[in-house]
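Peer 1: I am sharing target.csv, which consists of CSV, C-alpha atoms:
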```csv
chain,number,residue,atom,x,y,z
A,134,MET,CA,-42.0,-70.6,-56.2
A,135,LYS,CA,-41.5,-70.4,-52.4
A,136,ALA,CA,-40.3,-67.5,-50.3
A,137,HIS,CA,-38.6,-67.6,-46.9
A,138,THR,CA,-37.7,-64.6,-44.8
A,139,GLU,CA,-35.7,-64.3,-41.6
A,140,TYR,CA,-33.8,-61.5,-39.9
A,141,LEU,CA,-30.4,-61.4,-38.1
A,142,TRP,CA,-29.9,-59.0,-35.2
A,143,PHE,CA,-26.6,-57.4,-34.2
A,144,ASN,CA,-25.5,-55.2,-31.3
A,145,THR,CA,-21.8,-54.9,-31.5
A,146,LYS,CA,-19.5,-53.9,-28.7
A,147,LYS,CA,-17.3,-51.7,-30.9
A,148,ARG,CA,-18.3,-48.9,-33.3
A,149,ARG,CA,-16.8,-51.0,-36.2
A,150,GLU,CA,-16.9,-54.7,-36.4
A,151,TYR,CA,-16.8,-57.4,-39.1
A,152,ILE,CA,-18.9,-60.6,-38.4
A,153,ASN,CA,-18.9,-63.7,-40.5
A,154,VAL,CA,-22.6,-64.7,-41.1
A,155,THR,CA,-22.1,-67.5,-43.6
A,156,GLY,CA,-23.1,-70.2,-41.1
A,157,ASP,CA,-26.3,-68.3,-40.1
A,158,VAL,CA,-27.3,-67.9,-43.8
A,159,GLU,CA,-26.7,-71.6,-44.4
A,160,GLN,CA,-29.0,-72.5,-41.5
A,161,ILE,CA,-31.7,-70.2,-42.7
A,162,LEU,CA,-31.4,-71.8,-46.2
A,163,LYS,CA,-31.7,-75.3,-44.7
A,164,ARG,CA,-34.9,-74.2,-42.8
A,165,SER,CA,-36.4,-72.8,-46.1
A,166,GLN,CA,-36.0,-76.2,-47.9
A,167,ILE,CA,-35.4,-74.3,-51.1
A,168,LYS,CA,-33.1,-76.1,-53.5
A,169,GLU,CA,-32.7,-73.7,-56.4
A,170,GLY,CA,-32.9,-69.9,-56.2
A,171,PHE,CA,-31.4,-66.8,-54.7
A,172,VAL,CA,-30.6,-65.6,-51.2
A,173,LEU,CA,-30.6,-61.9,-50.6
A,174,VAL,CA,-28.5,-60.8,-47.6
A,175,SER,CA,-29.1,-57.1,-47.1
A,176,ALA,CA,-28.4,-54.7,-44.3
A,177,MET,CA,-31.5,-52.8,-43.2
A,178,HIS,CA,-29.5,-49.8,-42.0
A,179,ILE,CA,-27.6,-47.1,-44.0
A,180,THR,CA,-24.5,-47.3,-41.8
A,181,ALA,CA,-23.6,-51.0,-42.2
A,182,GLY,CA,-22.5,-53.2,-45.1
A,183,VAL,CA,-22.7,-56.7,-46.3
A,184,TYR,CA,-20.0,-58.1,-48.5
A,185,VAL,CA,-18.4,-61.4,-49.7
A,186,ASN,CA,-14.6,-61.9,-49.1
A,187,ASP,CA,-12.1,-63.9,-47.1
A,188,ALA,CA,-12.3,-65.1,-43.5
A,189,GLU,CA,-8.7,-64.0,-42.8
A,190,SER,CA,-7.9,-61.6,-40.0
A,191,GLY,CA,-5.2,-59.7,-42.0
A,192,ILE,CA,-7.5,-58.9,-44.9
A,193,ILE,CA,-10.3,-57.9,-42.5
A,194,ARG,CA,-7.9,-55.3,-41.0
A,195,ASP,CA,-6.9,-54.2,-44.5
A,196,ILE,CA,-10.5,-53.7,-45.5
A,197,ASP,CA,-11.2,-51.7,-42.3
A,198,GLU,CA,-8.1,-49.5,-42.9
A,199,TRP,CA,-9.0,-49.0,-46.6
A,200,LEU,CA,-12.5,-48.0,-45.8
A,201,GLU,CA,-11.3,-45.5,-43.1
A,202,LYS,CA,-8.8,-44.1,-45.6
A,203,HIS,CA,-11.4,-43.4,-48.3
A,204,ALA,CA,-14.3,-42.5,-46.0
A,205,PRO,CA,-12.7,-41.2,-42.9
A,206,ALA,CA,-14.4,-40.4,-39.6
A,207,GLY,CA,-14.1,-37.0,-38.0
A,208,LEU,CA,-14.3,-34.8,-41.0
A,209,ASP,CA,-16.6,-31.7,-41.1
A,210,TYR,CA,-19.4,-33.5,-43.1
A,211,ASN,CA,-22.6,-31.6,-44.1
A,212,HIS,CA,-24.6,-34.4,-42.5
A,213,HIS,CA,-23.2,-33.5,-39.1
A,214,ARG,CA,-25.2,-30.2,-39.1
A,215,THR,CA,-28.2,-32.4,-38.2
A,216,GLY,CA,-26.5,-33.3,-34.9
A,217,GLU,CA,-25.3,-36.7,-36.3
A,218,SER,CA,-21.6,-37.7,-36.3
A,219,ASN,CA,-21.7,-40.8,-38.5
A,220,ALA,CA,-21.4,-39.5,-42.1
A,221,ASP,CA,-18.3,-41.7,-42.5
A,222,ALA,CA,-20.5,-44.8,-41.8
A,223,HIS,CA,-22.9,-43.8,-44.5
A,224,LEU,CA,-20.0,-43.5,-47.0
A,225,LYS,CA,-18.4,-46.8,-45.9
A,226,ASN,CA,-21.8,-48.4,-46.5
A,227,LEU,CA,-21.9,-47.0,-50.0
A,228,MET,CA,-18.3,-48.0,-50.7
A,229,ILE,CA,-18.5,-51.7,-49.8
A,230,GLY,CA,-22.2,-52.1,-50.6
A,231,HIS,CA,-25.1,-53.1,-48.3
A,232,GLN,CA,-26.2,-56.3,-49.9
A,233,VAL,CA,-25.2,-59.5,-51.8
A,234,MET,CA,-27.1,-62.1,-53.6
A,235,LEU,CA,-26.1,-65.7,-53.1
A,236,PRO,CA,-27.0,-68.4,-55.6
A,237,VAL,CA,-28.5,-71.7,-54.3
A,238,THR,CA,-27.9,-74.9,-56.2
A,239,ASN,CA,-28.9,-78.4,-55.1
A,240,GLY,CA,-29.9,-77.0,-51.7
A,241,ALA,CA,-26.6,-75.3,-50.8
A,242,LEU,CA,-25.0,-71.9,-51.2
A,243,ASP,CA,-23.2,-72.0,-54.5
A,244,LEU,CA,-20.1,-70.1,-53.4
A,245,GLY,CA,-16.4,-70.4,-54.4
A,246,PRO,CA,-13.9,-72.0,-52.0
A,247,TRP,CA,-12.9,-68.8,-50.2
A,248,GLN,CA,-16.1,-66.8,-50.4
A,249,GLN,CA,-17.6,-66.0,-46.9
A,250,VAL,CA,-20.4,-63.5,-46.2
A,251,TYR,CA,-19.7,-60.7,-43.8
A,252,TYR,CA,-21.8,-58.2,-41.9
A,253,ALA,CA,-19.8,-55.0,-41.6
A,254,GLU,CA,-20.8,-52.7,-38.8
A,255,PHE,CA,-19.7,-49.0,-39.2
A,256,ASP,CA,-21.8,-47.4,-36.4
A,257,GLY,CA,-22.5,-50.0,-33.8
A,258,GLN,CA,-23.2,-50.3,-30.1
A,259,ARG,CA,-27.0,-50.3,-31.0
A,260,LYS,CA,-29.5,-52.8,-32.3
A,261,LYS,CA,-29.2,-53.4,-36.1
A,262,ARG,CA,-30.8,-55.8,-38.5
A,263,VAL,CA,-30.1,-57.8,-41.7
A,264,ILE,CA,-32.8,-59.4,-43.8
A,265,VAL,CA,-32.1,-62.8,-45.3
A,266,LYS,CA,-34.7,-63.5,-47.9
A,267,ILE,CA,-34.8,-66.6,-50.2
A,268,ILE,CA,-36.9,-67.2,-53.2
A,269,GLY,CA,-36.8,-70.3,-55.3
A,270,ILE,CA,-38.1,-73.8,-55.7
B,73,MET,CA,-40.5,-71.1,-61.8
B,74,LYS,CA,-37.5,-72.6,-63.5
B,75,ALA,CA,-33.8,-72.4,-62.6
B,76,HIS,CA,-30.8,-72.7,-65.0
B,77,THR,CA,-27.1,-72.7,-63.9
B,78,GLU,CA,-23.9,-72.6,-65.9
B,79,TYR,CA,-20.3,-71.6,-65.1
B,80,LEU,CA,-17.8,-69.6,-67.1
B,81,TRP,CA,-14.1,-70.5,-66.7
B,82,PHE,CA,-11.2,-68.1,-67.1
B,83,ASN,CA,-7.4,-68.4,-67.0
B,84,THR,CA,-6.0,-65.1,-68.1
B,85,LYS,CA,-2.5,-64.5,-69.5
B,86,LYS,CA,-2.0,-61.3,-67.5
B,87,ARG,CA,-2.5,-60.6,-63.8
B,88,ARG,CA,-5.2,-58.0,-64.6
B,89,GLU,CA,-7.6,-58.4,-67.5
B,90,TYR,CA,-11.1,-57.2,-68.4
B,91,ILE,CA,-13.2,-59.6,-70.5
B,92,ASN,CA,-16.6,-58.8,-72.1
B,93,VAL,CA,-18.9,-61.8,-71.2
B,94,THR,CA,-22.2,-60.3,-72.5
B,95,GLY,CA,-22.4,-62.8,-75.4
B,96,ASP,CA,-21.7,-65.8,-73.2
B,97,VAL,CA,-24.5,-64.7,-70.8
B,98,GLU,CA,-26.9,-64.2,-73.8
B,99,GLN,CA,-26.2,-67.8,-75.0
B,100,ILE,CA,-26.8,-69.2,-71.5
B,101,LEU,CA,-30.0,-67.3,-71.3
B,102,LYS,CA,-31.1,-68.7,-74.7
B,103,ARG,CA,-30.4,-72.3,-73.5
B,104,SER,CA,-32.4,-71.7,-70.4
B,105,GLN,CA,-35.5,-70.8,-72.4
B,106,ILE,CA,-36.5,-68.4,-69.5
B,107,LYS,CA,-38.5,-65.4,-70.8
B,108,GLU,CA,-39.0,-63.3,-67.6
B,109,GLY,CA,-36.7,-63.3,-64.6
B,110,PHE,CA,-33.2,-62.4,-63.3
B,111,VAL,CA,-29.7,-63.5,-64.3
B,112,LEU,CA,-27.1,-63.4,-61.6
B,113,VAL,CA,-23.5,-63.1,-62.9
B,114,SER,CA,-21.2,-63.5,-59.9
B,115,ALA,CA,-17.5,-64.1,-59.5
B,116,MET,CA,-16.8,-67.2,-57.4
B,117,HIS,CA,-13.4,-65.7,-56.3
B,118,ILE,CA,-12.5,-62.9,-53.9
B,119,THR,CA,-9.9,-61.4,-56.2
B,120,ALA,CA,-12.1,-60.8,-59.3
B,121,GLY,CA,-15.0,-58.6,-60.1
B,122,VAL,CA,-18.1,-58.5,-62.3
B,123,TYR,CA,-19.5,-55.1,-63.5
B,124,VAL,CA,-21.6,-53.4,-66.2
B,125,ASN,CA,-20.1,-50.6,-68.2
B,126,ASP,CA,-18.9,-49.6,-71.7
B,127,ALA,CA,-17.1,-51.8,-74.2
B,128,GLU,CA,-14.6,-48.9,-75.1
B,129,SER,CA,-10.9,-49.5,-74.7
B,130,GLY,CA,-10.2,-46.0,-73.2
B,131,ILE,CA,-12.7,-46.4,-70.4
B,132,ILE,CA,-11.4,-49.9,-69.6
B,133,ARG,CA,-7.9,-48.4,-69.2
B,134,ASP,CA,-9.4,-45.6,-67.0
B,135,ILE,CA,-11.2,-48.2,-64.8
B,136,ASP,CA,-8.0,-50.1,-64.4
B,137,GLU,CA,-6.0,-47.0,-63.5
B,138,TRP,CA,-8.7,-45.8,-61.1
B,139,LEU,CA,-8.8,-49.2,-59.3
B,140,GLU,CA,-5.0,-49.3,-59.0
B,141,LYS,CA,-5.0,-45.7,-57.7
B,142,HIS,CA,-7.5,-46.5,-54.9
B,143,ALA,CA,-6.4,-50.1,-54.2
B,144,PRO,CA,-2.8,-50.2,-55.1
B,145,ALA,CA,-0.6,-53.3,-55.4
B,146,GLY,CA,2.7,-53.5,-53.6
B,147,LEU,CA,1.8,-51.9,-50.2
B,148,ASP,CA,2.6,-53.6,-46.9
B,149,TYR,CA,-0.9,-55.1,-46.4
B,150,ASN,CA,-1.7,-57.1,-43.2
B,151,HIS,CA,-3.0,-59.9,-45.5
B,152,HIS,CA,0.6,-60.4,-46.8
B,153,ARG,CA,1.8,-61.8,-43.5
B,154,THR,CA,0.0,-65.0,-44.5
B,155,GLY,CA,2.5,-65.3,-47.4
B,156,GLU,CA,-0.1,-63.9,-49.9
B,157,SER,CA,0.7,-60.9,-52.1
B,158,ASN,CA,-2.7,-60.1,-53.5
B,159,ALA,CA,-4.5,-57.9,-51.0
B,160,ASP,CA,-4.9,-55.2,-53.6
B,161,ALA,CA,-7.0,-57.7,-55.7
B,162,HIS,CA,-9.3,-58.3,-52.7
B,163,LEU,CA,-9.8,-54.5,-52.3
B,164,LYS,CA,-10.3,-54.0,-56.1
B,165,ASN,CA,-13.0,-56.8,-55.9
B,166,LEU,CA,-14.8,-54.9,-53.1
B,167,MET,CA,-14.5,-51.5,-54.9
B,168,ILE,CA,-16.1,-52.6,-58.2
B,169,GLY,CA,-18.2,-55.4,-56.8
B,170,HIS,CA,-18.2,-59.1,-57.6
B,171,GLN,CA,-21.7,-59.5,-59.1
B,172,VAL,CA,-24.5,-58.0,-61.1
B,173,MET,CA,-28.2,-58.9,-61.6
B,174,LEU,CA,-29.5,-58.7,-65.2
B,175,PRO,CA,-33.2,-58.4,-65.9
B,176,VAL,CA,-34.7,-60.7,-68.5
B,177,THR,CA,-37.8,-59.4,-70.4
B,178,ASN,CA,-39.3,-61.2,-73.4
B,179,GLY,CA,-36.5,-63.7,-73.4
B,180,ALA,CA,-33.7,-61.2,-73.8
B,181,LEU,CA,-31.3,-59.3,-71.4
B,182,ASP,CA,-33.1,-56.0,-70.7
B,183,LEU,CA,-30.1,-53.8,-70.8
B,184,GLY,CA,-29.6,-50.2,-71.9
B,185,PRO,CA,-27.9,-49.4,-75.2
B,186,TRP,CA,-24.3,-49.2,-73.9
B,187,GLN,CA,-24.5,-51.7,-71.0
B,188,GLN,CA,-22.0,-54.6,-71.4
B,189,VAL,CA,-21.2,-57.2,-68.7
B,190,TYR,CA,-17.5,-57.5,-67.8
B,191,TYR,CA,-15.4,-60.0,-65.9
B,192,ALA,CA,-12.6,-58.2,-64.2
B,193,GLU,CA,-9.6,-60.3,-63.3
B,194,PHE,CA,-7.3,-58.8,-60.6
B,195,ASP,CA,-5.2,-61.9,-59.7
B,196,GLY,CA,-5.1,-64.0,-62.8
B,197,GLN,CA,-2.8,-66.6,-64.5
B,198,ARG,CA,-4.8,-69.3,-62.7
B,199,LYS,CA,-8.2,-71.0,-63.2
B,200,LYS,CA,-11.1,-68.9,-62.0
B,201,ARG,CA,-14.9,-69.3,-62.3
B,202,VAL,CA,-18.1,-67.2,-62.6
B,203,ILE,CA,-21.5,-68.5,-61.9
B,204,VAL,CA,-24.4,-67.5,-64.3
B,205,LYS,CA,-27.7,-68.5,-62.6
B,206,ILE,CA,-31.1,-67.6,-64.0
B,207,ILE,CA,-34.5,-68.0,-62.3
B,208,GLY,CA,-37.8,-67.1,-63.9
B,209,ILE,CA,-40.6,-68.3,-66.1
C,49,MET,CA,-44.3,-67.0,-60.2
C,50,LYS,CA,-45.2,-63.6,-61.6
C,51,ALA,CA,-43.1,-60.9,-63.3
C,52,HIS,CA,-43.9,-57.2,-63.6
C,53,THR,CA,-41.7,-54.7,-65.4
C,54,GLU,CA,-41.9,-50.9,-65.6
C,55,TYR,CA,-39.4,-48.1,-66.5
C,56,LEU,CA,-38.8,-44.8,-64.9
C,57,TRP,CA,-37.6,-41.9,-67.1
C,58,PHE,CA,-35.4,-39.0,-66.1
C,59,ASN,CA,-34.2,-35.8,-67.8
C,60,THR,CA,-32.4,-33.8,-65.1
C,61,LYS,CA,-31.8,-30.0,-65.3
C,62,LYS,CA,-28.3,-30.3,-63.9
C,63,ARG,CA,-25.4,-32.6,-64.8
C,64,ARG,CA,-25.5,-34.3,-61.4
C,65,GLU,CA,-28.7,-34.8,-59.4
C,66,TYR,CA,-30.0,-37.2,-56.7
C,67,ILE,CA,-33.7,-38.2,-56.9
C,68,ASN,CA,-35.6,-40.2,-54.3
C,69,VAL,CA,-37.6,-42.9,-56.2
C,70,THR,CA,-38.9,-44.9,-53.3
C,71,GLY,CA,-42.5,-43.7,-53.8
C,72,ASP,CA,-42.3,-44.6,-57.5
C,73,VAL,CA,-41.1,-48.1,-56.7
C,74,GLU,CA,-43.8,-48.6,-54.1
C,75,GLN,CA,-46.5,-47.7,-56.6
C,76,ILE,CA,-45.1,-50.1,-59.2
C,77,LEU,CA,-45.0,-52.8,-56.5
C,78,LYS,CA,-48.6,-52.1,-55.7
C,79,ARG,CA,-49.6,-52.4,-59.4
C,80,SER,CA,-47.7,-55.7,-59.6
C,81,GLN,CA,-49.9,-57.3,-56.9
C,82,ILE,CA,-46.8,-59.3,-55.9
C,83,LYS,CA,-46.7,-60.1,-52.2
C,84,GLU,CA,-43.4,-62.0,-51.7
C,85,GLY,CA,-40.3,-61.5,-53.9
C,86,PHE,CA,-37.6,-59.2,-55.1
C,87,VAL,CA,-37.6,-55.8,-56.9
C,88,LEU,CA,-34.6,-55.0,-59.0
C,89,VAL,CA,-34.1,-51.2,-59.5
C,90,SER,CA,-31.3,-50.8,-62.0
C,91,ALA,CA,-30.0,-47.9,-64.1
C,92,MET,CA,-30.0,-48.7,-67.8
C,93,HIS,CA,-27.1,-46.3,-68.4
C,94,ILE,CA,-23.4,-46.4,-67.6
C,95,THR,CA,-23.2,-42.9,-66.3
C,96,ALA,CA,-25.9,-43.1,-63.5
C,97,GLY,CA,-26.2,-44.9,-60.3
C,98,VAL,CA,-28.9,-46.4,-58.0
C,99,TYR,CA,-28.3,-46.7,-54.3
C,100,VAL,CA,-30.0,-47.0,-50.9
C,101,ASN,CA,-29.3,-44.4,-48.2
C,102,ASP,CA,-30.7,-41.4,-46.3
C,103,ALA,CA,-33.2,-38.8,-47.5
C,104,GLU,CA,-31.2,-36.0,-45.7
C,105,SER,CA,-29.9,-33.1,-47.7
C,106,GLY,CA,-26.6,-32.9,-45.9
C,107,ILE,CA,-25.6,-36.6,-46.5
C,108,ILE,CA,-26.7,-36.2,-50.2
C,109,ARG,CA,-24.2,-33.3,-50.5
C,110,ASP,CA,-21.6,-35.4,-48.7
C,111,ILE,CA,-22.1,-38.3,-51.1
C,112,ASP,CA,-21.8,-35.9,-54.1
C,113,GLU,CA,-18.6,-34.4,-52.8
C,114,TRP,CA,-17.2,-37.8,-51.9
C,115,LEU,CA,-17.9,-39.2,-55.4
C,116,GLU,CA,-16.3,-36.1,-57.0
C,117,LYS,CA,-13.2,-36.5,-54.8
C,118,HIS,CA,-12.7,-40.1,-55.8
C,119,ALA,CA,-13.8,-39.9,-59.4
C,120,PRO,CA,-13.2,-36.2,-60.4
C,121,ALA,CA,-14.5,-34.6,-63.5
C,122,GLY,CA,-12.0,-32.7,-65.8
C,123,LEU,CA,-9.1,-35.1,-65.7
C,124,ASP,CA,-7.3,-36.2,-68.9
C,125,TYR,CA,-9.1,-39.6,-69.1
C,126,ASN,CA,-8.3,-42.1,-71.9
C,127,HIS,CA,-12.0,-42.3,-72.6
C,128,HIS,CA,-12.0,-38.7,-73.7
C,129,ARG,CA,-9.9,-39.5,-76.8
C,130,THR,CA,-13.2,-40.8,-78.3
C,131,GLY,CA,-14.6,-37.2,-78.0
C,132,GLU,CA,-16.5,-37.9,-74.8
C,133,SER,CA,-16.0,-35.9,-71.7
C,134,ASN,CA,-17.9,-38.0,-69.1
C,135,ALA,CA,-15.4,-40.6,-67.9
C,136,ASP,CA,-15.9,-39.3,-64.3
C,137,ALA,CA,-19.6,-40.3,-64.6
C,138,HIS,CA,-18.6,-43.8,-65.6
C,139,LEU,CA,-16.4,-44.1,-62.6
C,140,LYS,CA,-19.0,-42.6,-60.2
C,141,ASN,CA,-21.4,-45.2,-61.5
C,142,LEU,CA,-19.0,-48.0,-60.6
C,143,MET,CA,-18.1,-46.5,-57.2
C,144,ILE,CA,-21.7,-46.3,-55.9
C,145,GLY,CA,-23.2,-49.1,-58.0
C,146,HIS,CA,-26.0,-49.0,-60.7
C,147,GLN,CA,-28.6,-51.3,-59.0
C,148,VAL,CA,-30.2,-52.5,-55.8
C,149,MET,CA,-32.4,-55.4,-55.0
C,150,LEU,CA,-35.3,-54.7,-52.7
C,151,PRO,CA,-37.0,-57.5,-50.7
C,152,VAL,CA,-40.8,-57.6,-50.8
C,153,THR,CA,-42.6,-59.1,-47.8
C,154,ASN,CA,-46.4,-59.1,-47.2
C,155,GLY,CA,-46.8,-56.9,-50.3
C,156,ALA,CA,-44.5,-54.1,-49.1
C,157,LEU,CA,-40.9,-53.1,-49.6
C,158,ASP,CA,-39.1,-54.7,-46.6
C,159,LEU,CA,-36.7,-51.8,-45.9
C,160,GLY,CA,-35.2,-50.5,-42.7
C,161,PRO,CA,-36.5,-47.2,-41.1
C,162,TRP,CA,-34.1,-44.9,-42.9
C,163,GLN,CA,-33.6,-46.8,-46.2
C,164,GLN,CA,-34.6,-44.8,-49.2
C,165,VAL,CA,-33.9,-45.6,-52.9
C,166,TYR,CA,-32.1,-43.0,-54.9
C,167,TYR,CA,-31.4,-42.4,-58.6
C,168,ALA,CA,-28.1,-40.7,-59.0
C,169,GLU,CA,-27.5,-38.9,-62.2
C,170,PHE,CA,-23.9,-38.2,-63.1
C,171,ASP,CA,-24.3,-37.0,-66.8
C,172,GLY,CA,-27.7,-35.6,-67.1
C,173,GLN,CA,-29.6,-33.1,-69.2
C,174,ARG,CA,-30.6,-35.9,-71.5
C,175,LYS,CA,-33.2,-38.7,-71.3
C,176,LYS,CA,-32.2,-41.6,-69.1
C,177,ARG,CA,-34.0,-44.7,-67.9
C,178,VAL,CA,-34.2,-47.1,-64.9
C,179,ILE,CA,-35.8,-50.5,-65.0
C,180,VAL,CA,-38.0,-51.6,-62.1
C,181,LYS,CA,-38.6,-55.4,-62.4
C,182,ILE,CA,-40.3,-57.5,-59.8
C,183,ILE,CA,-40.5,-61.3,-59.6
C,184,GLY,CA,-42.4,-63.2,-57.0
C,185,ILE,CA,-45.7,-64.6,-55.9
```
Show me this structure written as structure tokens.

Peer 2:
Amino acid sequence: MKAHTEYLWFNTKKRREYINVTGDVEQILKRSQIKEGFVLVSAMHITAGVYVNDAESGIIRDIDEWLEKHAPAGLDYNHHRTGESNADAHLKNLMIGHQVMLPVTNGALDLGPWQQVYYAEFDGQRKKRVIVKIIGI
Amino acid sequence: MKAHTEYLWFNTKKRREYINVTGDVEQILKRSQIKEGFVLVSAMHITAGVYVNDAESGIIRDIDEWLEKHAPAGLDYNHHRTGESNADAHLKNLMIGHQVMLPVTNGALDLGPWQQVYYAEFDGQRKKRVIVKIIGI
Amino acid sequence: MKAHTEYLWFNTKKRREYINVTGDVEQILKRSQIKEGFVLVSAMHITAGVYVNDAESGIIRDIDEWLEKHAPAGLDYNHHRTGESNADAHLKNLMIGHQVMLPVTNGALDLGPWQQVYYAEFDGQRKKRVIVKIIGI
């Protein structure tokens, strides 16, 4: 069994952004030379998500509006008594999830035709990190 | 370390259906001859989910109604400007998740007494696929 | 490749409770002597969750109120025709997720600065279990 670990860094211009990282993950997989195994793609922050869905601008807007509807910014959250103002970003992270596991078969990501991996920033404009860790043979 | 990969195919009669795949996964695990490791069960489409919960018809109806309440069909989604009409299925996939990881101990799925693995179809009546990939020893 | 499996037991005083298990998982990892790999932390019940977020009392209350808002107790759920009264706990489990995968690098959990692992009980006052399974080298 081999293990290979790299980190992706982000510093978004906007508070919320959705970034397709599929190509980055594919390059890391290539460098690992692992042919069969699992790739974990996991946000290292509690105000960002990682998910698999479509690279289509309309659905990305729908996802953003849906998360804002169910975990809205600007409410009087308990968390804000600490001086923070980003409780909505914590809840968006929990709603969409902060990690995915990608299967590797014959040296490639074994994804369906429309599956793309996204980093979802909910409290940006600062340095954030995602771990990409692969184990396999 | 060994790896074993199979695919499950679905073509549901209804747009939304919930199918217990626990037995299928157990048979794949048996064929793999892996005794200790992890089984990834992951939908290869962005309009279907995979989750673990109860094999009880009432809770399955509750889950379906709950997903429809929070990610309803028929709204004027941005995604529909592409000609698609299934944005709700994308959001249901994100709400319930598209994959689970099952632990394997002593050659069996190491699940709790009521845990069953379900494929959740949100945009059916077409061929869809789930990957079942096992790594371990 | 090595595998190491332990179980955490819970019997909460209240119906809903949020318990930080990060230290327990770190001790299990230490006993495993695995240096590179993945730790699966997964609830073995369908009415409890496992998630990664902040060890701050305000956000824990926000998470609890948010789950109760989107998956409220006391509704006339279909599941309750079986005599059960905990359908809300099933839905809360699905909303927040029942498992996380933690990367292990250089013998330690490879988490971001604020990431803590929580067991979320939604139907407590009874014995419940979480599996902690590590595979790696």

Peer 1: Could you build a table of the residues in chain B lying no more than 10 Å from chain C, giving for each the nearest pair of atoms and their separation in Å rounded to one decimal place, using all atoms listed in the file, ordered by chain and ascending residue number, as CSV?

Peer 2:
```
residue,atom,partner,partner_atom,distance
B:Met73,CA,C:Met49,CA,5.8
B:Lys74,CA,C:Met49,CA,9.4
B:Lys107,CA,C:Ala51,CA,9.9
B:Glu108,CA,C:Ala51,CA,6.4
B:Gly109,CA,C:Ile183,CA,6.6
B:Phe110,CA,C:Ile183,CA,8.3
B:Tyr123,CA,C:Leu142,CA,7.7
B:Val124,CA,C:Ile94,CA,7.4
B:Asn125,CA,C:Ile94,CA,5.4
B:Asp126,CA,C:Ile94,CA,6.9
B:Glu128,CA,C:His127,CA,7.5
B:Ser129,CA,C:His127,CA,7.6
B:Gly130,CA,C:His127,CA,4.2
B:Ile131,CA,C:His127,CA,4.7
B:Ile132,CA,C:His127,CA,8.2
B:Arg133,CA,C:Asn126,CA,6.9
B:Asp134,CA,C:Asn126,CA,6.1
B:Ile135,CA,C:Leu139,CA,7.0
B:Glu137,CA,C:Tyr125,CA,9.8
B:Trp138,CA,C:Ala119,CA,8.0
B:Leu139,CA,C:Leu139,CA,9.7
B:Lys141,CA,C:His118,CA,9.7
B:His142,CA,C:His118,CA,8.3
B:Leu166,CA,C:Met143,CA,9.9
B:Met167,CA,C:Met143,CA,6.6
B:Ile168,CA,C:Leu142,CA,5.9
B:Gly169,CA,C:Gly145,CA,8.1
B:Val172,CA,C:Gln147,CA,8.1
B:Met173,CA,C:Leu88,CA,7.9
B:Leu174,CA,C:Ser90,CA,8.7
B:Pro175,CA,C:Lys181,CA,7.1
B:Val176,CA,C:Lys181,CA,9.0
B:Thr177,CA,C:Thr53,CA,7.9
B:Asp182,CA,C:Ile179,CA,8.4
B:Leu183,CA,C:Met92,CA,5.9
B:Gly184,CA,C:Met92,CA,4.4
B:Pro185,CA,C:His93,CA,7.5
B:Trp186,CA,C:His93,CA,6.8
B:Gln187,CA,C:Ile94,CA,6.4
B:Gln188,CA,C:Ile94,CA,9.1
B:Ile207,CA,C:Ile183,CA,9.4
B:Gly208,CA,C:Met49,CA,7.5
B:Ile209,CA,C:Met49,CA,7.1
```

Peer 1: Residues at most 12 Å from C:Thr60, counting only C-alpha atoms, excluding those fewer than 3 positions away in the same chain, as a PyMOL selection string?

Peer 2: chain C and resi 57+63-67+96+167-177

Peer 1: Please dump the current selection as a tab-separated table (two decimals), in the coordinates of the input; keep C-alpha atoms.

Peer 2:
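Saved to again-v2.tsv:
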```tsv
chain	number	residue	atom	x	y	z
C	57	TRP	CA	-37.60	-41.90	-67.10
C	63	ARG	CA	-25.40	-32.60	-64.80
C	64	ARG	CA	-25.50	-34.30	-61.40
C	65	GLU	CA	-28.70	-34.80	-59.40
C	66	TYR	CA	-30.00	-37.20	-56.70
C	67	ILE	CA	-33.70	-38.20	-56.90
C	96	ALA	CA	-25.90	-43.10	-63.50
C	167	TYR	CA	-31.40	-42.40	-58.60
C	168	ALA	CA	-28.10	-40.70	-59.00
C	169	GLU	CA	-27.50	-38.90	-62.20
C	170	PHE	CA	-23.90	-38.20	-63.10
C	171	ASP	CA	-24.30	-37.00	-66.80
C	172	GLY	CA	-27.70	-35.60	-67.10
C	173	GLN	CA	-29.60	-33.10	-69.20
C	174	ARG	CA	-30.60	-35.90	-71.50
C	175	LYS	CA	-33.20	-38.70	-71.30
C	176	LYS	CA	-32.20	-41.60	-69.10
C	177	ARG	CA	-34.00	-44.70	-67.90
```

Peer 1: Looking at A:Leu208, A:Ala241, A:Val154, A:Leu141, which one is nearest to A:Ala222, with distances taken over only C-alpha atoms?

Peer 2: A:Leu208

Peer 1: One number please: atom CA of A:Asn153 to atom CA of A:Tyr251, in Å, one decimal.

Peer 2: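 If I compute the distance from atom CA of A:Asn153 to atom CA of A:Tyr251, I get 4.5 Å.
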
Peer 1: Atom CA of A:Pro205 and atom CA of C:Gly122 are how many Å apart?

Peer 2: 24.4 Å

Peer 1: Provide the atom CA of C:Gly71 to atom CA of C:Val165 distance in Å, to one decimal place.

Peer 2: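 Computing it gives 8.9 Å between the two atoms.
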